[in-house]
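**Student:** Would you mind keeping the following structure in view while I ask a few things?
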Amino acid sequence: MPQESVHTVQSYEQELEQLRSLVNKMGGLVERQVAQAITAVVEHDEDAALDAPEMDPQVDELERETEALVIRLLALRAPMAGDLREVVVALKISGDLERIGDCAASIARRAMRNELLSCPISLTGLHSMGRLVQENLRRTLDAMDQRDPELARIVWHSDTAVDELYVSLFRELVTYMMEDPRNIGPCAHLLFIAKNLERIGDHATNISERVYYAVTGNILPIIRPRGKTFD
C-alpha cells in the first residue's frame, strides 16, 4: 500500500475513534447529570441541583463537536456499510444525549422549589422510577460502548417498566391533588419531574435502537413494547 494511502487509512481510523470518544464522553456527562438531578429531588440536595444544569454547556459543546466531525467524515471520507451506519448513528445518539441532559437540568431546577422542600408527599415512587431510568441509561451507554446489540435489545424491552411506573405515579399524584388543594403546587412539580424521567427513558430507548442498528444493520420493530396507558 502506498505511504499516502497508509496515512489516509490511519487518519480515517483515528477520526472514527475520535467520534466514539466524543459520544462516550457525552454519555458520561449526561449520566452524571441524571444522577445529580435525581439526588437533588429525592435528597433535597442543593449542590446536586446546581451541578446538573452547570454541565449543560459542556454537553452542548460536545454535541456541536460531534456534528462537525460527522459532517467532515461524510464529506471527506465517504464511509460505507458498517462505518456509514456508525457515523450517522453517532449524530443521532448525540441528539438524544443532549435532550437527556436538558431533561436532567429541568428536573434539577425544579428540585429546590419551596413547594417541594416542604412537600409532605412520599417520594418513594419517584425514587423508584429514577433508579430504573438510571439503570436503563447505564445499560444503554454500556451497549453503546461495547457495541452489544443484545444488551441494546434488553434496554429496548425494559422501557415498559418505566412507562408503568410513570402511569402509576401520575395517578397517585392526581389523587393527592384531588384530596387536598394544598397538594396541587408540589404535585404539579412532581408531575413535571416524572414526565422528564419518562422522556429520559424514551431517549435511552432511542439510543438502544440506534446501537442495535449500527452493529447489526437490522432495525428493531417500529412499535415498541409499551407499559400500562391511561386508558
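Please note that chains go A, B, ... in the order of the C-alpha cells, that every chain numbers its residues from 1, and that ligands are numbered from 1 in the order shown.
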Taking 3 positions as the minimum chain separation for residues in the same chain, which residues sit within 9 Å of range 150-152 of chain A when counting only C-alpha atoms? Answer as a list in words.
**Tutor:** Arg139, Thr140, Asp142, Ala143, Met144, Arg147, Val155, Trp156, His157, Thr205, Ile207, Ser208, Glu209, Arg210, Val211 and Tyr212 of chain A
**Student:** Between CA of Leu76 in chain A and CA of Leu22 in chain A, what is the distance, to one decimal in Å?
**Tutor:**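 Distance reported for this atom pair: 19.0 Å.
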**Student:** Rank nothing, just name the residue among A:Ala108, A:Cys119, A:Val42, A:Leu173 nearest to Asn196 in chain A, using only C-alpha atoms.
**Tutor:**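 Once distances to Asn196 in chain A are computed over only C-alpha atoms, the minimum belongs to A:Ala108.
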**Student:** Quick one: everything within 8 Å of Leu191 in chain A, counting only C-alpha atoms, minus sequence neighbours fewer than 3 positions away in the same chain. Send it as a list in words.
**Tutor:**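 Neighbouring residues, sequence-local ones excluded: Phe170, Leu173, Cys187, Ala188, Ala194 and Lys195 of chain A.
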**Student:** Would you save the residues of that selection, restricted to all heavy atoms, as a compact mmCIF listing (two decimals), in the first residue's frame?
**Tutor:**
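Saved file selection_5.txt follows:
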# COMPACT_ATOMS: atom_id res chain seq x y z
N PHE A 170 -48.34 9.02 38.13
CA PHE A 170 -49.26 10.05 37.67
C PHE A 170 -50.60 9.94 38.40
O PHE A 170 -51.13 10.94 38.91
CB PHE A 170 -49.46 9.92 36.16
CG PHE A 170 -50.37 10.95 35.55
CD1 PHE A 170 -49.84 12.12 35.01
CD2 PHE A 170 -51.74 10.77 35.53
CE1 PHE A 170 -50.68 13.08 34.45
CE2 PHE A 170 -52.58 11.73 34.97
CZ PHE A 170 -52.05 12.88 34.43
N LEU A 173 -50.32 10.96 42.12
CA LEU A 173 -50.20 12.40 42.34
C LEU A 173 -51.51 13.13 42.06
O LEU A 173 -51.88 14.07 42.78
CB LEU A 173 -49.08 12.97 41.48
CG LEU A 173 -47.66 12.52 41.87
CD1 LEU A 173 -46.64 12.98 40.83
CD2 LEU A 173 -47.29 13.06 43.25
N CYS A 187 -47.46 18.75 43.80
CA CYS A 187 -47.74 17.63 42.91
C CYS A 187 -47.54 18.02 41.44
O CYS A 187 -47.12 17.19 40.63
CB CYS A 187 -49.18 17.12 43.12
SG CYS A 187 -49.38 16.14 44.61
N ALA A 188 -47.85 19.26 41.10
CA ALA A 188 -47.63 19.71 39.72
C ALA A 188 -46.14 19.65 39.37
O ALA A 188 -45.76 19.19 38.29
CB ALA A 188 -48.15 21.13 39.55
N ALA A 194 -41.61 13.73 36.92
CA ALA A 194 -41.88 12.36 36.46
C ALA A 194 -41.92 12.28 34.94
O ALA A 194 -41.41 11.32 34.34
CB ALA A 194 -43.19 11.87 37.06
N LYS A 195 -42.51 13.30 34.31
CA LYS A 195 -42.59 13.30 32.85
C LYS A 195 -41.19 13.42 32.24
O LYS A 195 -40.89 12.76 31.22
CB LYS A 195 -43.47 14.46 32.36
CG LYS A 195 -43.68 14.47 30.84
CD LYS A 195 -44.33 13.18 30.36
CE LYS A 195 -44.50 13.13 28.87
NZ LYS A 195 -45.04 11.84 28.41
**Student:** Report as a VMD selection string all protein, DNA and RNA residues lying within 8 Å of Val162 in chain A, evaluated on only C-alpha atoms, omitting residues in the same chain fewer than 6 positions from it.
**Tutor:** chain A and resid 129 132 to 133 198 201 227
**Student:** Can you tell me which residues surround range 43-48 of chain A at a distance of at most 8 Å, considering only C-alpha atoms, apart from same-chain residues fewer than 6 positions away, and format the answer as JSON, numbers by chain?
**Tutor:** {"A": [36, 37, 108, 111, 112, 117]}
**Student:** Residues of the last selection are to be written out with all heavy atoms, as a short mmCIF file (atom, residue, chain, number, x, y, z; two decimals), in the first residue's frame.
**Tutor:**
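See selection-v3.cif below for the written result:
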data_model
loop_
_atom_site.label_atom_id
_atom_site.label_comp_id
_atom_site.auth_asym_id
_atom_site.auth_seq_id
_atom_site.Cartn_x
_atom_site.Cartn_y
_atom_site.Cartn_z
N GLN A 36 -27.30 13.40 39.37
CA GLN A 36 -27.36 14.58 40.23
C GLN A 36 -28.78 15.13 40.31
O GLN A 36 -29.22 15.58 41.39
CB GLN A 36 -26.41 15.65 39.69
CG GLN A 36 -24.94 15.30 39.80
CD GLN A 36 -24.45 15.28 41.24
OE1 GLN A 36 -24.71 14.32 41.97
NE2 GLN A 36 -23.76 16.32 41.65
N ALA A 37 -29.50 15.10 39.21
CA ALA A 37 -30.87 15.60 39.21
C ALA A 37 -31.76 14.78 40.13
O ALA A 37 -32.56 15.33 40.90
CB ALA A 37 -31.43 15.58 37.79
N ALA A 108 -33.51 19.15 37.85
CA ALA A 108 -32.70 19.76 38.91
C ALA A 108 -33.18 21.15 39.27
O ALA A 108 -33.19 21.55 40.45
CB ALA A 108 -31.23 19.80 38.46
N ALA A 111 -36.05 20.96 41.57
CA ALA A 111 -35.83 20.21 42.82
C ALA A 111 -35.85 21.09 44.07
O ALA A 111 -36.27 20.64 45.14
CB ALA A 111 -34.51 19.46 42.73
N MET A 112 -35.38 22.32 43.93
CA MET A 112 -35.26 23.17 45.11
C MET A 112 -36.40 24.18 45.24
O MET A 112 -36.30 25.15 45.99
CB MET A 112 -33.92 23.90 45.08
CG MET A 112 -32.70 22.97 45.02
SD MET A 112 -32.74 21.65 46.26
CE MET A 112 -32.55 22.60 47.77
N LEU A 117 -39.61 21.44 48.85
CA LEU A 117 -38.80 21.33 50.06
C LEU A 117 -39.65 21.04 51.28
O LEU A 117 -39.20 20.40 52.24
CB LEU A 117 -37.99 22.62 50.26
CG LEU A 117 -36.92 22.91 49.20
CD1 LEU A 117 -36.23 24.24 49.48
CD2 LEU A 117 -35.89 21.78 49.15
#
**Student:** In Å to one decimal, how far is CA of Leu197 in chain A from CA of Glu98 in chain A?
**Tutor:**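 These atoms are spaced 14.3 Å apart.
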**Student:** Find the spatial neighbours of range 11-20 of chain A, counting only C-alpha atoms, within a cut-off of 9 Å - ignore same-chain residues fewer than 6 positions away - and output them as a PyMOL selection string.
**Tutor:** chain A and resi 65-66+69-70+73+77+83+86-87+90+145
**Student:** Taking only C-alpha atoms into account, name the residue in A:Gln134, A:Gln146, A:Gln58, A:Ser94 that is nearest to Asn206 in chain A.
**Tutor:**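 Between A:Gln134, A:Gln146, A:Gln58, A:Ser94, the residue approaching Asn206 in chain A most closely is A:Ser94.
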**Student:** Nearest to Leu190 in chain A among A:Arg99, A:Arg153, A:Arg113, A:Arg85, with distances taken over only C-alpha atoms: which residue is it?
**Tutor:**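 Using only C-alpha atoms, Leu190 in chain A sits closest to A:Arg113.
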**Student:** Run DSSP on the backbone of this structure and report the residues of range 33-230 of chain A it assigns to alpha helix (DSSP H), as a ChimeraX atom specification.
**Tutor:** /A:33-43,46-54,56-72,81-111,114-117,124-146,149-179,184-216
**Student:** Which one is closest to Met177 in chain A: A:Ile193, A:Ile107, A:Ile154, A:Ile121? Count only C-alpha atoms.
**Tutor:** A:Ile121
